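Student: What follows is protein.cif, made up of mmCIF, C-alpha atoms and all ligand atoms:
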```
data_entry
#
loop_
_atom_site.label_atom_id
_atom_site.label_comp_id
_atom_site.auth_asym_id
_atom_site.auth_seq_id
_atom_site.Cartn_x
_atom_site.Cartn_y
_atom_site.Cartn_z
CA MET A 1209 180.46 95.04 145.34
CA LYS A 1210 179.48 91.45 144.70
CA PHE A 1211 176.69 90.12 142.49
CA SER A 1212 175.15 88.55 145.57
CA ASP A 1213 174.62 92.03 147.05
CA LEU A 1214 171.96 92.65 144.42
CA ASN A 1215 168.54 91.15 144.24
CA ILE A 1216 169.48 88.55 141.64
CA ASP A 1217 167.68 85.21 141.28
CA LYS A 1218 169.70 82.50 143.02
CA ARG A 1219 169.77 80.34 139.90
CA ILE A 1220 171.55 83.18 138.10
CA LEU A 1221 173.92 83.71 141.04
CA LYS A 1222 174.75 80.03 140.80
CA SER A 1223 175.50 80.36 137.07
CA LEU A 1224 177.66 83.41 137.76
CA SER A 1225 179.72 81.65 140.37
CA GLU A 1226 180.17 78.70 138.02
CA MET A 1227 181.57 81.19 135.51
CA GLY A 1228 183.95 82.60 138.11
CA PHE A 1229 182.10 85.91 138.35
CA THR A 1230 181.92 87.16 141.94
CA GLU A 1231 182.98 90.81 142.04
CA MET A 1232 181.19 93.17 139.68
CA THR A 1233 183.08 95.34 137.25
CA ASP A 1234 182.64 99.09 137.37
CA ILE A 1235 180.04 99.22 134.60
CA GLN A 1236 178.14 96.28 136.08
CA GLU A 1237 178.03 97.96 139.47
CA LYS A 1238 176.57 101.11 137.93
CA THR A 1239 174.17 99.60 135.40
CA LEU A 1240 172.81 96.48 137.08
CA PRO A 1241 170.71 98.14 139.80
CA VAL A 1242 169.10 100.40 137.16
CA ALA A 1243 168.75 97.64 134.56
CA LEU A 1244 167.29 95.10 136.99
CA ASP A 1245 164.73 97.75 137.90
CA GLY A 1246 163.48 97.72 134.32
CA ARG A 1247 164.59 101.25 133.47
CA ASP A 1248 165.85 102.36 130.06
CA LEU A 1249 169.53 103.10 130.02
CA ILE A 1250 172.39 104.18 127.85
CA ALA A 1251 175.78 102.96 128.98
CA GLN A 1252 179.21 103.91 127.76
CA ALA A 1253 182.22 101.89 128.82
CA MET A 1254 185.40 100.73 127.19
CA THR A 1255 185.64 97.33 125.55
CA GLY A 1256 186.40 94.47 127.86
CA SER A 1257 184.65 96.10 130.80
CA GLY A 1258 181.93 93.46 131.08
CA LYS A 1259 178.98 95.07 129.32
CA THR A 1260 177.44 91.75 128.26
CA ALA A 1261 176.60 90.83 131.84
CA ALA A 1262 175.14 94.29 132.39
CA PHE A 1263 172.28 93.40 130.05
CA GLY A 1264 172.56 89.60 130.09
CA ILE A 1265 171.78 89.28 133.80
CA PRO A 1266 168.60 91.43 133.65
CA ILE A 1267 167.49 89.34 130.66
CA ALA A 1268 168.06 86.11 132.58
CA GLN A 1269 166.23 87.61 135.54
CA HIS A 1270 163.09 88.93 133.84
CA ILE A 1271 162.46 86.44 131.04
CA GLU A 1272 160.35 83.37 131.69
CA ARG A 1273 160.77 79.98 130.12
CA GLY A 1274 158.02 78.78 127.80
CA LYS A 1275 156.45 82.18 127.22
CA GLY A 1276 157.84 82.87 123.75
CA ILE A 1277 160.40 85.40 122.65
CA GLN A 1278 160.70 88.14 125.25
CA ALA A 1279 164.16 89.64 124.75
CA ILE A 1280 166.15 90.62 121.69
CA VAL A 1281 169.77 91.77 121.49
CA LEU A 1282 171.10 93.32 118.28
CA THR A 1283 174.82 93.16 117.55
CA PRO A 1284 176.78 94.52 114.58
CA THR A 1285 178.51 91.28 113.51
CA ARG A 1286 177.92 87.55 113.41
CA GLU A 1287 180.91 86.80 115.60
CA LEU A 1288 179.64 89.16 118.23
CA ALA A 1289 176.16 87.64 118.07
CA VAL A 1290 177.67 84.23 118.80
CA GLN A 1291 179.79 85.58 121.60
CA VAL A 1292 176.95 87.46 123.29
CA ALA A 1293 174.56 84.52 122.92
CA THR A 1294 177.11 82.14 124.41
CA GLU A 1295 177.50 84.35 127.45
CA VAL A 1296 173.74 84.94 127.85
CA LYS A 1297 173.23 81.17 127.67
CA LYS A 1298 175.65 80.74 130.54
CA PHE A 1299 173.87 83.30 132.73
CA SER A 1300 170.53 81.64 132.10
CA LYS A 1301 171.77 78.05 132.20
CA ASN A 1302 170.21 77.26 135.56
CA SER A 1303 166.95 79.02 134.67
CA GLN A 1304 166.95 77.02 131.41
CA LEU A 1305 166.19 79.84 129.01
CA ARG A 1306 166.69 79.10 125.36
CA THR A 1307 168.62 81.53 123.19
CA ALA A 1308 168.42 81.62 119.40
CA ILE A 1309 171.23 83.15 117.36
CA VAL A 1310 170.31 84.64 113.99
CA TYR A 1311 172.78 86.05 111.49
CA GLY A 1312 173.19 86.09 107.75
CA GLY A 1313 175.51 84.12 105.52
CA VAL A 1314 174.27 80.74 106.74
CA SER A 1315 171.18 78.64 106.08
CA ILE A 1316 168.00 80.05 107.56
CA GLU A 1317 166.17 76.78 108.29
CA PRO A 1318 167.96 75.76 111.51
CA GLN A 1319 167.44 79.29 112.81
CA ILE A 1320 163.71 79.02 112.14
CA SER A 1321 163.40 75.94 114.29
CA GLU A 1322 165.58 77.47 117.02
CA LEU A 1323 163.34 80.53 117.04
CA ARG A 1324 160.24 78.40 117.60
CA HIS A 1325 161.45 77.38 121.04
CA ALA A 1326 163.45 80.41 122.12
CA GLU A 1327 162.85 83.00 124.80
CA VAL A 1328 165.85 85.17 123.88
CA VAL A 1329 167.12 86.16 120.42
CA VAL A 1330 170.57 87.52 119.65
CA GLY A 1331 171.18 88.59 116.08
CA THR A 1332 172.41 90.96 113.43
CA PRO A 1333 169.88 93.48 112.07
CA GLY A 1334 169.68 92.17 108.49
CA ARG A 1335 168.80 88.59 109.38
CA VAL A 1336 166.47 89.67 112.16
CA LEU A 1337 164.49 91.71 109.60
CA ASP A 1338 164.54 88.77 107.23
CA HIS A 1339 162.94 86.53 109.88
CA MET A 1340 160.41 89.23 110.72
CA GLN A 1341 159.35 89.44 107.07
CA ARG A 1342 159.02 85.66 106.82
CA GLY A 1343 156.92 85.66 109.94
CA THR A 1344 159.38 83.34 111.69
CA LEU A 1345 160.22 85.97 114.31
CA ARG A 1346 157.45 87.93 116.02
CA LEU A 1347 158.43 90.74 118.33
CA GLY A 1348 155.04 91.42 119.94
CA GLY A 1349 156.10 89.78 123.21
CA ILE A 1350 159.40 91.63 123.64
CA LYS A 1351 159.98 93.02 127.12
CA ILE A 1352 163.70 93.83 126.79
CA PHE A 1353 165.46 95.29 123.77
CA VAL A 1354 169.25 95.73 123.71
CA LEU A 1355 171.50 97.46 121.20
CA ASP A 1356 175.05 96.24 121.78
CA GLU A 1357 178.04 98.06 120.26
CA ALA A 1358 175.60 100.72 119.09
CA ASP A 1359 178.34 102.94 117.69
CA ARG A 1360 179.61 100.16 115.44
CA MET A 1361 176.11 99.47 114.21
CA LEU A 1362 175.73 103.04 113.07
CA ASP A 1363 179.16 102.99 111.42
CA MET A 1364 178.12 99.93 109.52
CA GLY A 1365 175.01 101.62 108.19
CA PHE A 1366 172.43 99.68 110.18
CA ILE A 1367 170.44 102.70 111.31
CA ASP A 1368 167.45 102.12 108.99
CA ASP A 1369 167.31 98.43 109.84
CA ILE A 1370 167.39 99.28 113.53
CA ARG A 1371 164.56 101.79 113.12
CA ARG A 1372 162.43 99.20 111.34
CA ILE A 1373 163.04 96.65 114.05
CA ILE A 1374 162.25 99.13 116.81
CA SER A 1375 158.98 100.07 115.12
CA ALA A 1376 157.85 96.44 115.42
CA LEU A 1377 158.49 96.35 119.18
CA PRO A 1378 155.80 96.88 121.79
CA GLU A 1379 155.68 100.40 123.23
CA LYS A 1380 155.95 99.07 126.74
CA ARG A 1381 159.42 97.61 126.95
CA GLN A 1382 162.84 98.19 128.43
CA THR A 1383 165.47 99.52 126.03
CA MET A 1384 169.18 99.37 126.80
CA LEU A 1385 171.95 100.73 124.65
CA PHE A 1386 175.63 99.88 125.07
CA SER A 1387 178.51 101.52 123.34
CA ALA A 1388 182.22 102.16 123.76
CA THR A 1389 181.92 105.65 122.27
CA MET A 1390 178.99 108.05 122.22
CA PRO A 1391 178.65 109.94 118.93
CA ASP A 1392 175.71 112.33 118.41
CA GLU A 1393 173.62 109.84 116.43
CA ILE A 1394 173.44 107.60 119.48
CA VAL A 1395 172.26 110.40 121.68
CA TYR A 1396 169.61 111.03 119.01
CA ILE A 1397 168.43 107.41 119.07
CA ALA A 1398 168.34 107.54 122.84
CA LYS A 1399 166.09 110.60 122.77
CA ARG A 1400 163.86 109.32 120.01
CA TYR A 1401 163.33 105.72 121.11
CA MET A 1402 163.94 105.59 124.85
CA LYS A 1403 161.98 106.71 127.86
CA ASN A 1404 163.95 108.94 130.16
CA PRO A 1405 167.05 106.76 129.96
CA ALA A 1406 169.60 106.72 132.76
CA ARG A 1407 172.98 107.74 131.36
CA ILE A 1408 175.88 105.80 132.72
CA LYS A 1409 179.50 106.29 131.88
CA THR A 1410 182.64 104.69 133.20
CA GLN A 1411 186.27 105.03 132.28
CA THR A 1412 186.51 105.03 128.49
CA HIS A 1413 190.21 104.44 128.04
CA ILE A 1414 192.27 101.57 129.32
CA SER A 1415 194.68 102.71 131.99
CA LYS A 1416 198.13 103.54 130.66
CA HIS A 1417 199.61 101.25 133.27
CA LEU A 1418 197.99 98.32 131.52
CA LEU A 1419 198.11 99.33 127.88
CA LYS A 1420 201.27 100.76 126.40
CA HIS A 1421 201.03 102.70 123.13
CA ILE A 1422 204.03 102.80 120.82
CA TYR A 1423 204.51 103.87 117.24
CA TYR A 1424 207.28 103.29 114.73
CA ASP A 1425 207.79 105.66 111.86
CA VAL A 1426 209.32 103.98 108.81
CA ARG A 1427 209.31 104.23 105.03
CA HIS A 1428 206.22 102.80 103.40
CA ASP A 1429 208.11 99.95 101.78
CA GLU A 1430 209.72 99.07 105.12
CA LYS A 1431 206.43 98.42 106.86
CA LEU A 1432 206.32 94.68 106.21
CA SER A 1433 209.85 94.00 107.38
CA THR A 1434 209.31 96.30 110.37
CA LEU A 1435 206.27 94.23 111.26
CA SER A 1436 208.10 90.92 111.01
CA GLY A 1437 211.09 92.31 112.92
CA LEU A 1438 208.81 93.53 115.70
CA ILE A 1439 207.02 90.19 115.87
CA GLU A 1440 210.37 88.51 116.27
CA LYS A 1441 211.41 90.97 118.96
CA GLU A 1442 208.15 91.10 120.89
CA LYS A 1443 207.28 87.41 120.60
CA PRO A 1444 203.55 88.02 121.11
CA SER A 1445 201.66 85.13 122.67
CA LEU A 1446 198.52 86.22 120.84
CA ALA A 1447 198.38 89.16 118.44
CA ILE A 1448 195.95 90.88 116.11
CA ILE A 1449 197.35 92.84 113.20
CA PHE A 1450 194.87 95.37 111.83
CA CYS A 1451 194.76 96.30 108.18
CA GLY A 1452 192.61 98.88 106.42
CA THR A 1453 191.45 96.61 103.60
CA ARG A 1454 190.83 92.93 102.90
CA ARG A 1455 193.44 93.07 100.25
CA MET A 1456 196.09 94.36 102.61
CA ALA A 1457 195.11 91.74 105.20
CA ASN A 1458 195.79 89.08 102.58
CA VAL A 1459 199.12 90.66 101.64
CA VAL A 1460 200.27 90.71 105.26
CA GLU A 1461 199.06 87.16 105.88
CA ARG A 1462 200.94 85.84 102.86
CA TYR A 1463 204.08 87.76 103.67
CA LEU A 1464 204.14 86.41 107.24
CA ARG A 1465 203.42 82.87 106.14
CA GLY A 1466 206.20 83.21 103.58
CA ILE A 1467 208.65 83.77 106.41
CA ASN A 1468 207.13 80.97 108.49
CA VAL A 1469 205.12 83.07 110.90
CA GLU A 1470 201.87 81.31 111.65
CA ALA A 1471 199.26 83.92 110.72
CA LYS A 1472 195.72 83.88 109.34
CA ALA A 1473 193.69 86.64 107.76
CA ILE A 1474 190.09 87.20 108.76
CA HIS A 1475 187.81 89.58 106.92
CA GLY A 1476 184.36 89.96 105.41
CA GLY A 1477 185.43 88.25 102.19
CA LEU A 1478 185.51 84.84 103.85
CA THR A 1479 182.50 82.63 104.38
CA GLN A 1480 180.97 82.45 107.81
CA GLN A 1481 182.27 78.92 108.18
CA GLN A 1482 185.84 79.96 107.36
CA ARG A 1483 185.65 82.85 109.80
CA SER A 1484 184.32 80.69 112.62
CA HIS A 1485 187.00 78.11 111.97
CA ILE A 1486 189.77 80.71 112.14
CA MET A 1487 188.31 82.30 115.28
CA ASP A 1488 187.99 78.93 117.02
CA GLY A 1489 191.63 78.26 116.25
CA PHE A 1490 192.74 81.69 117.45
CA HIS A 1491 190.94 81.19 120.76
CA ARG A 1492 193.19 78.19 121.26
CA GLY A 1493 196.30 79.99 120.04
CA ARG A 1494 196.51 78.41 116.59
CA PRO A 1495 197.24 80.55 114.72
CA HIS A 1496 198.59 82.89 117.35
CA ILE A 1497 198.52 85.80 114.93
CA LEU A 1498 195.34 87.09 113.35
CA VAL A 1499 195.44 89.59 110.50
CA ALA A 1500 192.11 91.37 110.58
CA THR A 1501 190.08 94.18 109.12
CA ASP A 1502 188.16 96.42 111.53
CA VAL A 1503 184.80 94.89 110.73
CA ALA A 1504 185.97 91.33 111.31
CA ALA A 1505 187.43 92.05 114.74
CA ARG A 1506 184.78 94.35 116.15
CA GLY A 1507 183.87 93.74 119.76
CA LEU A 1508 185.43 90.29 119.83
CA ASP A 1509 186.36 89.12 123.27
CA ILE A 1510 189.49 87.08 123.02
CA LYS A 1511 191.30 86.46 126.24
CA ASP A 1512 194.96 87.26 126.65
CA VAL A 1513 195.71 89.07 123.41
CA SER A 1514 199.16 90.44 124.20
CA HIS A 1515 199.74 92.70 121.19
CA ILE A 1516 197.78 94.81 118.75
CA PHE A 1517 199.58 95.94 115.63
CA ASN A 1518 198.16 98.68 113.46
CA PHE A 1519 199.69 97.85 110.11
CA ASP A 1520 197.47 100.50 108.61
CA VAL A 1521 196.61 103.55 110.68
CA PRO A 1522 192.94 103.41 111.75
CA LYS A 1523 190.59 105.93 110.16
CA THR A 1524 189.29 107.49 113.36
CA ALA A 1525 190.13 107.81 117.03
CA GLU A 1526 187.14 105.55 117.75
CA ASP A 1527 188.61 102.85 115.52
CA TYR A 1528 191.90 103.18 117.37
CA THR A 1529 190.09 102.68 120.67
CA HIS A 1530 188.20 99.67 119.35
CA ARG A 1531 191.28 98.05 117.89
CA THR A 1532 193.50 98.58 120.90
CA GLY A 1533 190.65 97.54 123.21
CA ARG A 1534 191.20 93.97 121.99
CA THR A 1535 194.20 93.79 124.32
CA ALA A 1536 194.78 94.67 127.99
CA ARG A 1537 191.37 93.22 128.77
CA PHE A 1538 190.20 92.61 132.24
CA GLY A 1539 193.22 93.79 134.15
CA LYS A 1540 195.81 92.16 131.90
CA THR A 1541 198.58 94.16 130.27
CA GLY A 1542 199.03 94.72 126.57
CA LYS A 1543 200.88 96.65 123.91
CA ALA A 1544 199.45 98.61 120.99
CA ILE A 1545 201.99 99.12 118.23
CA THR A 1546 201.32 101.32 115.23
CA ILE A 1547 203.53 101.20 112.18
CA LEU A 1548 203.22 104.34 110.15
CA SER A 1549 204.91 106.17 107.35
CA LYS A 1550 205.02 109.75 106.18
CA ASP A 1551 201.57 109.80 104.57
CA ASP A 1552 199.96 108.84 107.87
CA HIS A 1553 201.43 111.57 110.07
CA GLU A 1554 198.59 114.04 109.81
CA SER A 1555 195.75 111.61 110.42
CA PHE A 1556 197.62 109.82 113.17
CA ARG A 1557 198.26 113.02 115.07
CA LYS A 1558 194.50 113.60 115.33
CA ILE A 1559 193.83 110.04 116.39
CA ILE A 1560 196.24 110.01 119.29
CA ARG A 1561 195.46 113.48 120.59
CA HIS A 1562 194.25 112.15 123.93
CA ILE A 1563 196.60 109.23 124.25
CA GLU A 1564 200.02 109.02 125.77
CA ILE A 1565 202.14 107.35 123.15
CA GLU A 1566 205.85 106.89 122.78
CA ARG A 1567 207.97 106.69 119.70
CA GLY A 1568 209.68 103.35 119.33
CA ILE A 1569 213.21 103.03 118.02
CA LEU A 1570 213.96 99.92 116.00
CA ASP A 1571 216.98 97.92 117.04
CA PHE A 1572 217.13 96.28 113.63
CA LYS A 1573 217.31 97.66 110.14
CA PRO A 1574 214.09 97.22 108.16
CA VAL A 1575 214.54 96.32 104.52
CA PRO A 1576 212.27 97.40 101.70
CA VAL A 1577 209.77 94.69 100.73
CA ARG A 1578 207.24 95.08 97.99
CA MET A 1579 203.59 94.66 98.94
CA GLN A 1580 202.27 92.04 96.60
CA SER A 1581 199.67 89.32 96.61
CA SER A 1582 202.03 86.38 96.96
CA TYR A 1583 205.45 85.72 98.44
CA THR A 1584 207.67 82.79 97.82
CA HIS A 1585 210.45 81.77 100.05
CA SER A 1586 213.14 82.88 97.66
CA ASN A 1587 211.98 86.43 97.15
CA ARG A 1588 211.28 87.29 100.73
CA ASN A 1589 213.07 90.32 102.05
CA ALA A 1590 214.79 90.77 98.74
CA PRO A 1591 215.43 94.45 98.16
CA ARG A 1592 212.77 95.83 95.85
CA ARG A 1593 212.39 98.92 93.83
CA ARG A 1594 210.05 101.55 95.20
CA PHE A 1595 206.57 101.02 93.95
CA GLY A 1596 203.28 102.78 93.55
CA ASN A 1597 200.77 102.07 96.27
CA SER A 1598 197.56 103.32 94.77
CA TRP A 1599 195.57 100.11 95.23
CA GLU A 1600 196.26 99.50 98.86
CA ARG A 1601 193.95 101.91 100.57
P1 LIG B 1701 182.55 94.30 126.77
O1 LIG B 1701 181.24 93.91 126.14
O2 LIG B 1701 182.43 95.48 127.68
O3 LIG B 1701 183.64 94.49 125.74
P2 LIG B 1701 182.51 91.61 127.80
O4 LIG B 1701 181.13 91.58 128.33
O5 LIG B 1701 182.77 90.94 126.50
O6 LIG B 1701 183.04 93.11 127.71
O7 LIG B 1701 183.46 91.03 128.97
C1 LIG B 1701 184.85 90.89 128.80
C2 LIG B 1701 185.35 89.63 129.51
O8 LIG B 1701 185.27 89.77 130.91
C3 LIG B 1701 184.54 88.40 129.17
O9 LIG B 1701 185.42 87.32 128.97
C4 LIG B 1701 183.69 88.15 130.41
O10 LIG B 1701 183.39 86.78 130.56
C5 LIG B 1701 184.57 88.68 131.51
N1 LIG B 1701 183.82 89.23 132.65
C6 LIG B 1701 182.81 90.13 132.59
N2 LIG B 1701 182.36 90.46 133.82
C7 LIG B 1701 183.11 89.74 134.71
C8 LIG B 1701 183.12 89.65 136.15
N3 LIG B 1701 182.30 90.37 136.91
N4 LIG B 1701 184.01 88.80 136.71
C9 LIG B 1701 184.85 88.07 135.94
N5 LIG B 1701 184.90 88.12 134.58
C10 LIG B 1701 184.04 88.95 133.96
MG MG B 1702 180.53 93.80 124.30
#
```
I need this file expressed as structure tokens, please.
Ligand code: ADP
Ligand code: MG
Tutor:
Amino acid sequence: MKFSDLNIDKRILKSLSEMGFTEMTDIQEKTLPVALDGRDLIAQAMTGSGKTAAFGIPIAQHIERGKGIQAIVLTPTRELAVQVATEVKKFSKNSQLRTAIVYGGVSIEPQISELRHAEVVVGTPGRVLDHMQRGTLRLGGIKIFVLDEADRMLDMGFIDDIRRIISALPEKRQTMLFSATMPDEIVYIAKRYMKNPARIKTQTHISKHLLKHIYYDVRHDEKLSTLSGLIEKEKPSLAIIFCGTRRMANVVERYLRGINVEAKAIHGGLTQQQRSHIMDGFHRGRPHILVATDVAARGLDIKDVSHIFNFDVPKTAEDYTHRTGRTARFGKTGKAITILSKDDHESFRKIIRHIEIERGILDFKPVPVRMQSSYTHSNRNAPRRRFGNSWER
């Protein structure tokens, strides 16, 4: 089905065709008729399936310029807020809607003046509440409320903030909730705050023909050299390496840079400006390797990521899905490579219960490398004694 088969404003259709959107994705085909009708809905679809348009197009369709703030989208992270707002701006370009982006960690003043002229707001819960308390954001005119990446928001402890925001919304409104997974808490929110929502679900895992899952089982102190050996072998065009902690992300970044692999770490410990700078670079392939914590990489839409490496095993099956969903997006192929050692076996077995995964055999010999906070050229790959790893997790 094409977008033009639906009753969509021709200015929006024009924007869509300028963006190269003609055929709808599965989730768009299922949600758009319901969403354009103004009904509440709860939609579950894997990452990269095009959920932003599923709520962005109804927003562009129903919101009117010059009538104040009428739609609000909550996202779990700043990066995601920027990404969603950028896409919503494109849909509504020809209808000239103005979108304000509000997130923490940056000066509030420019946001205040953006809010004065906006029809649509995209933001993270904390800063949205902040603006509400200052009186710089009033939600009395909201017609459409969207929770994007709802599962991540709950994981990140935003439930109370979300409740407070919802309680300031008009009763008569459309509420849409999007999520890659559907834990019980979400179903609860849906029941409590939505009116007879349509439940829509599409394929939740990326087809195995597109995404290949592999794991390598090595000794703990061989993980770093296994990683660098695999990077050399796989030659990823664009890769994200996931680590469980900021500290480990820094260790991996420094190790890779020490052996002249162009890599940058991105995590919550950096300023917003640093994170944006790194992300902008990564979009253009410099650096071509990002070392990230789960929070920093949540929901990000980066085209053509060829490889995901799990340097640390993710905590839950949902995290595994979110991480690996950064590759094989939109019909492209990708590889998800997990490097694990003995301590990880039990948790990893649970995580991959529903996934077809193969065991990789290394065609090189990994050497023990100590995990430390700096590497110089001379000590790289030097054999090290075994060491305690209490601080890493
Ligand atoms: P999700 O939120 O489900 O993870 P996104 O909304 O971020 O997915 O979409 C993933 C990518 O696919 C984006 O780059 C988006 O521009 C692109 N995309 C979405 N829908 C279409 C479409 N119908 N045709 C072409 N590209 C699309
Ligand atoms: Mg999304």
Student: Would you write out, as JSON lines, a table of all residues in chain A that have an atom no more than 10 Å from an atom of ligand LIG 1701 (chain B), listing for each the closest atom pair and the distance in Å to one decimal, considering only C-alpha atoms and all ligand atoms and ordering rows by chain and rising residue number?
Tutor:
```
{"residue": "A:Met1209", "atom": "CA", "partner": "B:LIG1701", "partner_atom": "N3", "distance": 9.8}
{"residue": "A:Lys1210", "atom": "CA", "partner": "B:LIG1701", "partner_atom": "N3", "distance": 8.4}
{"residue": "A:Phe1211", "atom": "CA", "partner": "B:LIG1701", "partner_atom": "N3", "distance": 7.9}
{"residue": "A:Leu1224", "atom": "CA", "partner": "B:LIG1701", "partner_atom": "N4", "distance": 8.4}
{"residue": "A:Ser1225", "atom": "CA", "partner": "B:LIG1701", "partner_atom": "N4", "distance": 9.1}
{"residue": "A:Met1227", "atom": "CA", "partner": "B:LIG1701", "partner_atom": "C9", "distance": 7.6}
{"residue": "A:Gly1228", "atom": "CA", "partner": "B:LIG1701", "partner_atom": "C9", "distance": 6.0}
{"residue": "A:Phe1229", "atom": "CA", "partner": "B:LIG1701", "partner_atom": "N4", "distance": 3.8}
{"residue": "A:Thr1230", "atom": "CA", "partner": "B:LIG1701", "partner_atom": "N4", "distance": 5.9}
{"residue": "A:Glu1231", "atom": "CA", "partner": "B:LIG1701", "partner_atom": "N3", "distance": 5.2}
{"residue": "A:Met1232", "atom": "CA", "partner": "B:LIG1701", "partner_atom": "N3", "distance": 4.1}
{"residue": "A:Thr1233", "atom": "CA", "partner": "B:LIG1701", "partner_atom": "N3", "distance": 5.0}
{"residue": "A:Asp1234", "atom": "CA", "partner": "B:LIG1701", "partner_atom": "N3", "distance": 8.7}
{"residue": "A:Ile1235", "atom": "CA", "partner": "B:LIG1701", "partner_atom": "O2", "distance": 8.2}
{"residue": "A:Gln1236", "atom": "CA", "partner": "B:LIG1701", "partner_atom": "N3", "distance": 7.3}
{"residue": "A:Glu1237", "atom": "CA", "partner": "B:LIG1701", "partner_atom": "N3", "distance": 9.1}
{"residue": "A:Gln1252", "atom": "CA", "partner": "B:LIG1701", "partner_atom": "O2", "distance": 9.0}
{"residue": "A:Ala1253", "atom": "CA", "partner": "B:LIG1701", "partner_atom": "O2", "distance": 6.5}
{"residue": "A:Met1254", "atom": "CA", "partner": "B:LIG1701", "partner_atom": "O2", "distance": 6.1}
{"residue": "A:Thr1255", "atom": "CA", "partner": "B:LIG1701", "partner_atom": "O3", "distance": 3.5}
{"residue": "A:Gly1256", "atom": "CA", "partner": "B:LIG1701", "partner_atom": "O3", "distance": 3.5}
{"residue": "A:Ser1257", "atom": "CA", "partner": "B:LIG1701", "partner_atom": "O2", "distance": 3.9}
{"residue": "A:Gly1258", "atom": "CA", "partner": "B:LIG1701", "partner_atom": "O4", "distance": 3.4}
{"residue": "A:Lys1259", "atom": "CA", "partner": "B:LIG1701", "partner_atom": "O2", "distance": 3.8}
{"residue": "A:Thr1260", "atom": "CA", "partner": "B:LIG1701", "partner_atom": "O4", "distance": 3.7}
{"residue": "A:Ala1261", "atom": "CA", "partner": "B:LIG1701", "partner_atom": "O4", "distance": 5.8}
{"residue": "A:Ala1262", "atom": "CA", "partner": "B:LIG1701", "partner_atom": "O4", "distance": 7.7}
{"residue": "A:Phe1263", "atom": "CA", "partner": "B:LIG1701", "partner_atom": "O4", "distance": 9.2}
{"residue": "A:Gly1264", "atom": "CA", "partner": "B:LIG1701", "partner_atom": "O4", "distance": 9.0}
{"residue": "A:Leu1288", "atom": "CA", "partner": "B:LIG1701", "partner_atom": "O5", "distance": 9.0}
{"residue": "A:Gln1291", "atom": "CA", "partner": "B:LIG1701", "partner_atom": "O5", "distance": 7.8}
{"residue": "A:Val1292", "atom": "CA", "partner": "B:LIG1701", "partner_atom": "O5", "distance": 7.5}
{"residue": "A:Thr1294", "atom": "CA", "partner": "B:LIG1701", "partner_atom": "O10", "distance": 9.9}
{"residue": "A:Glu1295", "atom": "CA", "partner": "B:LIG1701", "partner_atom": "O10", "distance": 7.1}
{"residue": "A:Val1296", "atom": "CA", "partner": "B:LIG1701", "partner_atom": "O4", "distance": 9.9}
{"residue": "A:Lys1298", "atom": "CA", "partner": "B:LIG1701", "partner_atom": "O10", "distance": 9.8}
{"residue": "A:Asp1356", "atom": "CA", "partner": "B:LIG1701", "partner_atom": "O1", "distance": 7.9}
{"residue": "A:Glu1357", "atom": "CA", "partner": "B:LIG1701", "partner_atom": "O1", "distance": 7.9}
{"residue": "A:Phe1386", "atom": "CA", "partner": "B:LIG1701", "partner_atom": "O1", "distance": 8.3}
{"residue": "A:Ser1387", "atom": "CA", "partner": "B:LIG1701", "partner_atom": "O2", "distance": 8.4}
{"residue": "A:Ala1388", "atom": "CA", "partner": "B:LIG1701", "partner_atom": "O2", "distance": 7.7}
{"residue": "A:Arg1506", "atom": "CA", "partner": "B:LIG1701", "partner_atom": "O3", "distance": 9.7}
{"residue": "A:Gly1507", "atom": "CA", "partner": "B:LIG1701", "partner_atom": "O3", "distance": 6.0}
{"residue": "A:Leu1508", "atom": "CA", "partner": "B:LIG1701", "partner_atom": "O5", "distance": 7.2}
{"residue": "A:Asp1509", "atom": "CA", "partner": "B:LIG1701", "partner_atom": "O5", "distance": 5.2}
{"residue": "A:Ile1510", "atom": "CA", "partner": "B:LIG1701", "partner_atom": "O9", "distance": 7.2}
{"residue": "A:Lys1511", "atom": "CA", "partner": "B:LIG1701", "partner_atom": "O9", "distance": 6.5}
{"residue": "A:Asp1512", "atom": "CA", "partner": "B:LIG1701", "partner_atom": "O9", "distance": 9.8}
{"residue": "A:His1530", "atom": "CA", "partner": "B:LIG1701", "partner_atom": "O3", "distance": 9.4}
{"residue": "A:Gly1533", "atom": "CA", "partner": "B:LIG1701", "partner_atom": "O3", "distance": 8.1}
{"residue": "A:Arg1534", "atom": "CA", "partner": "B:LIG1701", "partner_atom": "O3", "distance": 8.5}
{"residue": "A:Arg1537", "atom": "CA", "partner": "B:LIG1701", "partner_atom": "C1", "distance": 6.9}
{"residue": "A:Phe1538", "atom": "CA", "partner": "B:LIG1701", "partner_atom": "O8", "distance": 5.8}
{"residue": "A:Gly1539", "atom": "CA", "partner": "B:LIG1701", "partner_atom": "O8", "distance": 9.5}
```
Student: Using all atoms listed in the file, which of A:Thr1434, A:Thr1383, A:Ser1223, A:Ser1212 sits nearest Asp1571 in chain A?
Tutor: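 Using all atoms listed in the file, the shortest distance to Asp1571 in chain A belongs to A:Thr1434.
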Student: What is the CA of Arg1381 in chain A-CA of Pro1318 in chain A distance in Å, reported with one decimal?
Tutor: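 Going from CA of Arg1381 in chain A over to CA of Pro1318 in chain A, I get 28.1 Å.
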Student: Work out how far apart CA of Leu1548 in chain A and CA of Leu1498 in chain A are and give it in Å to one decimal.
Tutor: 19.2 Å
Student: Nearest to Tyr1311 in chain A among A:Leu1282, A:Val1328, A:Ala1268, A:Leu1244, with distances taken over all atoms listed in the file: which residue is it?
Tutor: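 The answer is A:Leu1282, which sits nearest to Tyr1311 in chain A.
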